[in-house]
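Encoded as C-alpha coordinates, the structure appears first; notes follow it.
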Amino acid sequence: MASEKATFDDYVASCTPLLKLPEFEAEMRKRVCGIAGRLIGFDYDSDPLTGLIGFMREDLDLFKVLLKMTNLSQEKFKRIISAERHARGDYGNEWGLDRVHRNIISNDEFAESVAALFLEGRDNPTLVEHVADFYLDQLAFPEKWADLLQDRDFAARIAREMLAGDYSDKKGDEIERIVSEKLDAALAGTGLTGVKGRVPFLGKEVDLAVPNIENPDILIMISYMETTSSSQTTRANEQETMFDGVRRWNSRNRTNRAFINVVDGGGWLARRPDLRRLHRDSHYCLSINMLDQLNEIAAHHA
(Lines give C-alpha, C1' and ligand atoms only; values in the text may rest on other atoms or scores of the structure.)
Protein backbone atom coordinates (compact mmCIF):
# COMPACT_ATOMS: atom_id res chain seq x y z
CA MET A 1 0.00 0.00 0.00
CA ALA A 2 1.25 3.50 -0.81
CA SER A 3 0.22 4.79 2.62
CA GLU A 4 1.13 2.58 5.57
CA LYS A 5 -1.40 1.92 8.28
CA ALA A 6 -0.30 3.60 11.51
CA THR A 7 0.48 1.38 14.48
CA PHE A 8 -2.15 1.40 17.19
CA ASP A 9 0.09 3.38 19.56
CA ASP A 10 0.89 6.02 16.94
CA TYR A 11 -2.77 6.26 16.01
CA VAL A 12 -3.84 6.72 19.65
CA ALA A 13 -1.19 9.40 20.17
CA SER A 14 -2.75 11.41 17.33
CA CYS A 15 -6.30 11.30 18.73
CA THR A 16 -8.13 14.27 20.26
CA PRO A 17 -10.26 13.36 23.31
CA LEU A 18 -12.35 16.57 23.29
CA LEU A 19 -12.00 18.19 19.90
CA LYS A 20 -12.49 21.96 19.68
CA LEU A 21 -14.24 23.21 16.55
CA PRO A 22 -14.36 27.02 16.93
CA GLU A 23 -17.21 27.75 14.52
CA PHE A 24 -19.32 24.92 15.90
CA GLU A 25 -18.63 25.99 19.50
CA ALA A 26 -19.67 29.55 18.62
CA GLU A 27 -22.89 28.25 17.07
CA MET A 28 -23.75 26.21 20.18
CA ARG A 29 -22.88 29.14 22.46
CA LYS A 30 -25.25 31.29 20.43
CA ARG A 31 -28.01 28.71 20.92
CA VAL A 32 -27.39 28.64 24.67
CA CYS A 33 -27.54 32.43 24.87
CA GLY A 34 -30.70 32.50 22.76
CA ILE A 35 -32.54 30.00 24.95
CA ALA A 36 -31.30 31.64 28.16
CA GLY A 37 -32.53 35.02 26.87
CA ARG A 38 -35.96 33.59 26.17
CA LEU A 39 -36.11 32.03 29.64
CA ILE A 40 -35.26 35.34 31.28
CA GLY A 41 -37.67 37.35 29.13
CA PHE A 42 -40.64 34.96 29.21
CA ASP A 43 -43.90 36.45 30.53
CA TYR A 44 -44.59 34.05 33.40
CA ASP A 45 -48.18 33.73 34.63
CA SER A 46 -48.47 33.90 38.42
CA ASP A 47 -50.97 31.02 38.60
CA PRO A 48 -48.90 27.82 39.05
CA LEU A 49 -50.95 25.56 36.76
CA THR A 50 -51.76 28.13 34.07
CA GLY A 51 -48.22 29.46 34.10
CA LEU A 52 -46.65 26.05 33.73
CA ILE A 53 -48.97 25.02 30.89
CA GLY A 54 -48.27 28.27 29.06
CA PHE A 55 -44.55 27.76 29.42
CA MET A 56 -44.70 24.12 28.26
CA ARG A 57 -46.67 25.13 25.18
CA GLU A 58 -44.21 27.83 24.11
CA ASP A 59 -41.92 25.42 22.21
CA LEU A 60 -40.08 22.12 22.49
CA ASP A 61 -36.80 23.67 23.68
CA LEU A 62 -38.47 25.33 26.66
CA PHE A 63 -40.32 22.12 27.45
CA LYS A 64 -36.98 20.29 27.48
CA VAL A 65 -35.68 22.88 29.94
CA LEU A 66 -38.45 21.87 32.34
CA LEU A 67 -37.49 18.21 31.98
CA LYS A 68 -33.90 19.06 32.82
CA MET A 69 -35.13 20.73 36.02
CA THR A 70 -36.86 17.53 37.20
CA ASN A 71 -33.61 15.53 37.52
CA LEU A 72 -35.04 12.92 35.14
CA SER A 73 -33.66 12.08 31.72
CA GLN A 74 -35.87 12.50 28.67
CA GLU A 75 -35.97 8.70 28.35
CA LYS A 76 -37.22 8.25 31.92
CA PHE A 77 -39.79 11.00 31.43
CA LYS A 78 -41.13 9.19 28.36
CA ARG A 79 -41.45 6.02 30.47
CA ILE A 80 -43.41 7.98 33.08
CA ILE A 81 -45.77 9.31 30.40
CA SER A 82 -46.18 5.74 29.12
CA ALA A 83 -47.00 4.57 32.66
CA GLU A 84 -49.58 7.35 33.03
CA ARG A 85 -51.16 6.45 29.66
CA HIS A 86 -51.12 2.75 30.56
CA ALA A 87 -52.97 3.53 33.78
CA ARG A 88 -55.71 5.21 31.69
CA GLY A 89 -56.04 2.17 29.43
CA ASP A 90 -53.98 3.58 26.55
CA TYR A 91 -51.69 0.69 25.55
CA GLY A 92 -50.32 2.20 22.34
CA ASN A 93 -46.68 2.66 21.34
CA GLU A 94 -44.50 4.98 23.37
CA TRP A 95 -44.60 8.62 22.30
CA GLY A 96 -41.50 10.54 21.37
CA LEU A 97 -40.89 13.84 23.09
CA ASP A 98 -42.12 15.80 20.08
CA ARG A 99 -45.43 13.87 20.15
CA VAL A 100 -45.78 14.53 23.89
CA HIS A 101 -45.24 18.24 23.23
CA ARG A 102 -47.74 18.33 20.35
CA ASN A 103 -50.36 16.78 22.61
CA ILE A 104 -49.61 19.32 25.34
CA ILE A 105 -50.32 22.07 22.79
CA SER A 106 -53.51 20.55 21.37
CA ASN A 107 -55.08 18.74 24.34
CA ASP A 108 -55.98 20.76 27.44
CA GLU A 109 -56.68 17.68 29.56
CA PHE A 110 -53.34 16.12 28.68
CA ALA A 111 -51.52 19.42 29.27
CA GLU A 112 -53.07 19.67 32.74
CA SER A 113 -52.08 16.07 33.55
CA VAL A 114 -48.45 16.69 32.54
CA ALA A 115 -48.36 19.96 34.50
CA ALA A 116 -49.70 18.05 37.51
CA LEU A 117 -46.84 15.55 37.19
CA PHE A 118 -44.39 18.42 37.51
CA LEU A 119 -46.18 20.35 40.25
CA GLU A 120 -47.20 17.39 42.43
CA GLY A 121 -44.17 15.19 41.82
CA ARG A 122 -44.12 12.09 43.95
CA ASP A 123 -47.45 13.15 45.55
CA ASN A 124 -49.25 12.75 42.24
CA PRO A 125 -51.72 9.86 42.79
CA THR A 126 -51.18 8.32 39.35
CA LEU A 127 -47.41 8.33 39.77
CA VAL A 128 -47.57 6.93 43.30
CA GLU A 129 -49.57 3.95 42.07
CA HIS A 130 -47.82 3.24 38.78
CA VAL A 131 -44.21 4.49 38.94
CA ALA A 132 -41.38 2.88 40.92
CA ASP A 133 -40.29 4.76 44.04
CA PHE A 134 -36.69 4.96 42.84
CA TYR A 135 -37.77 7.20 39.95
CA LEU A 136 -40.26 9.14 42.03
CA ASP A 137 -37.52 10.02 44.48
CA GLN A 138 -35.64 11.69 41.62
CA LEU A 139 -38.64 13.72 40.50
CA ALA A 140 -37.90 16.98 42.27
CA PHE A 141 -39.34 19.91 40.34
CA PRO A 142 -38.46 23.18 42.13
CA GLU A 143 -41.42 25.05 43.58
CA LYS A 144 -40.09 28.43 42.45
CA TRP A 145 -39.06 27.23 39.00
CA ALA A 146 -40.08 30.47 37.27
CA ASP A 147 -37.92 32.58 39.60
CA LEU A 148 -34.94 30.31 38.96
CA LEU A 149 -35.30 30.64 35.19
CA GLN A 150 -35.15 34.42 35.42
CA ASP A 151 -31.67 34.24 36.93
CA ARG A 152 -29.17 34.74 34.10
CA ASP A 153 -26.51 32.32 35.37
CA PHE A 154 -29.03 29.58 36.14
CA ALA A 155 -30.82 30.06 32.80
CA ALA A 156 -27.55 29.72 30.88
CA ARG A 157 -26.51 26.63 32.85
CA ILE A 158 -29.83 24.81 32.43
CA ALA A 159 -29.93 25.71 28.72
CA ARG A 160 -26.43 24.31 28.28
CA GLU A 161 -27.37 21.10 30.11
CA MET A 162 -30.52 20.76 28.03
CA LEU A 163 -28.50 21.05 24.82
CA ALA A 164 -25.92 18.42 25.81
CA GLY A 165 -27.53 15.70 23.68
CA ASP A 166 -27.92 18.08 20.74
CA TYR A 167 -24.28 19.09 21.11
CA SER A 168 -23.11 15.48 20.81
CA ASP A 169 -25.35 14.71 17.83
CA LYS A 170 -24.46 17.87 15.92
CA LYS A 171 -20.77 17.51 16.69
CA GLY A 172 -20.87 14.05 15.15
CA ASP A 173 -22.54 15.55 12.07
CA GLU A 174 -19.83 18.22 11.93
CA ILE A 175 -17.10 15.58 12.06
CA GLU A 176 -18.75 13.76 9.13
CA ARG A 177 -18.82 17.04 7.18
CA ILE A 178 -15.11 17.62 7.87
CA VAL A 179 -14.18 14.11 6.72
CA SER A 180 -16.31 14.49 3.60
CA GLU A 181 -14.61 17.79 2.73
CA LYS A 182 -11.15 16.29 3.27
CA LEU A 183 -12.06 13.37 1.03
CA ASP A 184 -13.38 15.68 -1.69
CA ALA A 185 -10.14 17.67 -1.51
CA ALA A 186 -8.14 14.44 -1.85
CA LEU A 187 -10.21 13.55 -4.93
CA ALA A 188 -9.94 17.00 -6.53
CA GLY A 189 -9.39 16.78 -10.26
CA THR A 190 -10.59 13.19 -10.54
CA GLY A 191 -14.27 13.97 -10.98
CA LEU A 192 -15.00 11.58 -8.09
CA THR A 193 -16.68 12.27 -4.77
CA GLY A 194 -17.77 10.42 -1.65
CA VAL A 195 -21.40 9.30 -1.27
CA LYS A 196 -23.33 7.83 1.65
CA GLY A 197 -25.50 4.75 1.32
CA ARG A 198 -26.00 1.00 1.52
CA VAL A 199 -23.31 -0.99 -0.25
CA PRO A 200 -24.94 -4.02 -1.91
CA PHE A 201 -22.05 -6.50 -1.64
CA LEU A 202 -21.81 -5.81 2.12
CA GLY A 203 -25.50 -5.33 2.82
CA LYS A 204 -24.52 -2.43 5.11
CA GLU A 205 -24.61 1.35 4.97
CA VAL A 206 -21.30 3.19 4.87
CA ASP A 207 -20.72 6.85 5.65
CA LEU A 208 -18.70 7.52 2.49
CA ALA A 209 -18.02 5.41 -0.59
CA VAL A 210 -15.89 6.26 -3.62
CA PRO A 211 -16.79 6.44 -6.48
CA ASN A 212 -20.28 5.08 -5.72
CA ILE A 213 -22.09 2.67 -3.42
CA GLU A 214 -22.70 0.09 -6.14
CA ASN A 215 -19.03 -0.56 -6.88
CA PRO A 216 -16.86 1.26 -4.33
CA ASP A 217 -13.08 1.33 -4.29
CA ILE A 218 -12.96 3.15 -0.93
CA LEU A 219 -15.37 2.62 1.97
CA ILE A 220 -15.22 4.91 5.01
CA MET A 221 -16.91 4.58 8.40
CA ILE A 222 -16.84 7.59 10.74
CA SER A 223 -17.36 7.69 14.51
CA TYR A 224 -16.53 10.45 16.98
CA MET A 225 -17.61 9.86 20.59
CA GLU A 226 -16.81 11.83 23.74
CA THR A 227 -18.80 9.53 26.06
CA THR A 228 -18.98 5.75 26.29
CA SER A 229 -21.83 3.30 25.71
CA SER A 230 -22.42 -0.37 25.03
CA SER A 231 -23.19 0.55 21.42
CA GLN A 232 -19.44 0.85 20.85
CA THR A 233 -19.01 -2.90 21.23
CA THR A 234 -21.94 -3.43 18.85
CA ARG A 235 -20.26 -1.15 16.33
CA ALA A 236 -16.95 -3.01 16.67
CA ASN A 237 -18.77 -6.31 16.02
CA GLU A 238 -20.54 -4.94 12.95
CA GLN A 239 -17.40 -3.45 11.47
CA GLU A 240 -15.47 -6.66 11.99
CA THR A 241 -18.07 -8.32 9.76
CA MET A 242 -17.83 -5.51 7.21
CA PHE A 243 -14.04 -5.65 7.06
CA ASP A 244 -14.13 -9.43 6.59
CA GLY A 245 -16.60 -8.87 3.73
CA VAL A 246 -14.27 -6.40 2.01
CA ARG A 247 -11.25 -8.71 2.41
CA ARG A 248 -13.17 -11.69 1.01
CA TRP A 249 -14.30 -9.61 -1.96
CA ASN A 250 -10.74 -8.47 -2.64
CA SER A 251 -9.47 -12.05 -2.44
CA ARG A 252 -12.13 -13.49 -4.76
CA ASN A 253 -12.06 -10.69 -7.31
CA ARG A 254 -8.41 -9.58 -7.09
CA THR A 255 -9.46 -6.02 -6.29
CA ASN A 256 -7.89 -3.41 -4.02
CA ARG A 257 -10.87 -2.03 -2.13
CA ALA A 258 -9.92 -0.14 1.04
CA PHE A 259 -11.94 -0.14 4.25
CA ILE A 260 -11.16 2.95 6.35
CA ASN A 261 -12.15 3.75 9.90
CA VAL A 262 -12.12 7.40 10.96
CA VAL A 263 -12.44 7.12 14.73
CA ASP A 264 -11.71 9.69 17.42
CA GLY A 265 -12.87 11.15 20.73
CA GLY A 266 -12.46 10.45 24.43
CA GLY A 267 -15.29 7.94 24.45
CA TRP A 268 -13.34 5.66 22.12
CA LEU A 269 -10.08 6.19 24.00
CA ALA A 270 -11.90 5.08 27.17
CA ARG A 271 -13.10 1.86 25.46
CA ARG A 272 -9.64 0.69 24.48
CA PRO A 273 -10.56 -2.95 23.68
CA ASP A 274 -13.27 -1.83 21.22
CA LEU A 275 -10.94 0.79 19.76
CA ARG A 276 -8.24 -1.83 19.20
CA ARG A 277 -10.73 -3.88 17.23
CA LEU A 278 -11.68 -0.94 15.02
CA HIS A 279 -7.99 -0.34 14.37
CA ARG A 280 -7.39 -4.02 13.64
CA ASP A 281 -10.45 -4.44 11.43
CA SER A 282 -9.55 -1.81 8.83
CA HIS A 283 -7.00 -1.21 6.11
CA TYR A 284 -6.45 2.26 7.56
CA CYS A 285 -7.52 3.72 10.91
CA LEU A 286 -7.39 7.51 11.05
CA SER A 287 -7.93 10.12 13.73
CA ILE A 288 -9.12 13.63 12.86
CA ASN A 289 -5.48 14.74 12.91
CA MET A 290 -4.56 12.08 10.33
CA LEU A 291 -7.07 13.03 7.63
CA ASP A 292 -4.34 14.38 5.32
CA GLN A 293 -3.46 10.72 4.71
CA LEU A 294 -6.61 10.53 2.60
CA ASN A 295 -4.57 12.14 -0.20
CA GLU A 296 -2.24 9.14 -0.51
CA ILE A 297 -4.98 6.63 0.15
CA ALA A 298 -7.20 8.11 -2.56
CA ALA A 299 -4.31 8.20 -5.03
CA HIS A 300 -3.63 4.51 -4.42
CA HIS A 301 -7.19 3.15 -4.35
CA ALA A 302 -9.54 5.49 -6.22
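Note on naming: chains are A, B, ... as they come in the C-alpha coordinates, residues start from 1 per chain, ligands start from 1 in the order shown.
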If you take only C-alpha atoms and a cut-off of 12 Å, which residues of region 146-226 of chain A touch region 71-76 of chain A, and what are their nearest atom pairs and distances in Å to one decimal, in chain and number order, as a Markdown table?
| residue | atom | partner | partner_atom | distance |
| --- | --- | --- | --- | --- |
| A:Ile158 | CA | A:Asn71 | CA | 11.2 |
| A:Glu161 | CA | A:Ser73 | CA | 11.1 |
| A:Met162 | CA | A:Gln74 | CA | 9.9 |
| A:Leu163 | CA | A:Gln74 | CA | 11.9 |
| A:Ala164 | CA | A:Ser73 | CA | 11.6 |
| A:Gly165 | CA | A:Gln74 | CA | 10.2 |
Take the residues that were just selected and, keeping N, CA and C atoms, output them as a tab-separated table (two decimals), in the first residue's frame.
chain	number	residue	atom	x	y	z
A	158	ILE	N	-28.81	25.82	32.73
A	158	ILE	CA	-29.83	24.81	32.43
A	158	ILE	C	-30.01	24.68	30.92
A	161	GLU	N	-27.13	22.50	29.75
A	161	GLU	CA	-27.37	21.10	30.11
A	161	GLU	C	-28.43	20.49	29.20
A	162	MET	N	-29.46	21.26	28.89
A	162	MET	CA	-30.52	20.76	28.03
A	162	MET	C	-30.01	20.45	26.62
A	163	LEU	N	-29.03	21.21	26.17
A	163	LEU	CA	-28.50	21.05	24.82
A	163	LEU	C	-27.38	20.02	24.72
A	164	ALA	N	-27.06	19.36	25.82
A	164	ALA	CA	-25.92	18.42	25.81
A	164	ALA	C	-26.09	17.32	24.76
A	165	GLY	N	-27.29	16.75	24.68
A	165	GLY	CA	-27.53	15.70	23.68
A	165	GLY	C	-27.43	16.24	22.27
Could you pull the residues within 8 Å of Val32 (chain A), counting only C-alpha atoms, minus those fewer than 4 positions along the same chain, as a ChimeraX atom specification?
/A:28,36,156,159-160,163
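Around region 142-151 of chain A, within 10 Å and counting only C-alpha atoms, the residues found are Ala36, Gly37, Arg38, Leu39, Ile40, Gly41, Phe42, Asp43, Tyr44, Asp45, Ser46, Pro48, Gly51, Leu52, Phe55, Val65, Leu66, Met69, Thr70, Phe118, Leu119, Glu120, Gly121, Arg157, Ile158 and Ala159 of chain A, once anything fewer than 6 positions away on its own chain is removed.
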Which residues are close to Val263 (chain A), i.e. within 9 Å by only C-alpha atoms, leaving aside same-chain residues fewer than 6 positions away? Reply as a PyMOL selection string.
chain A and resi 15+221-225+275+278-279+285-288
Given the choices A:Ser14, A:Asn107, A:Asn261, A:Thr126, which gets closest to Val206 (chain A) if the distance is worked out from only C-alpha atoms?
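Checking each candidate against Val206 (chain A), we get A:Asn261 as the closest.
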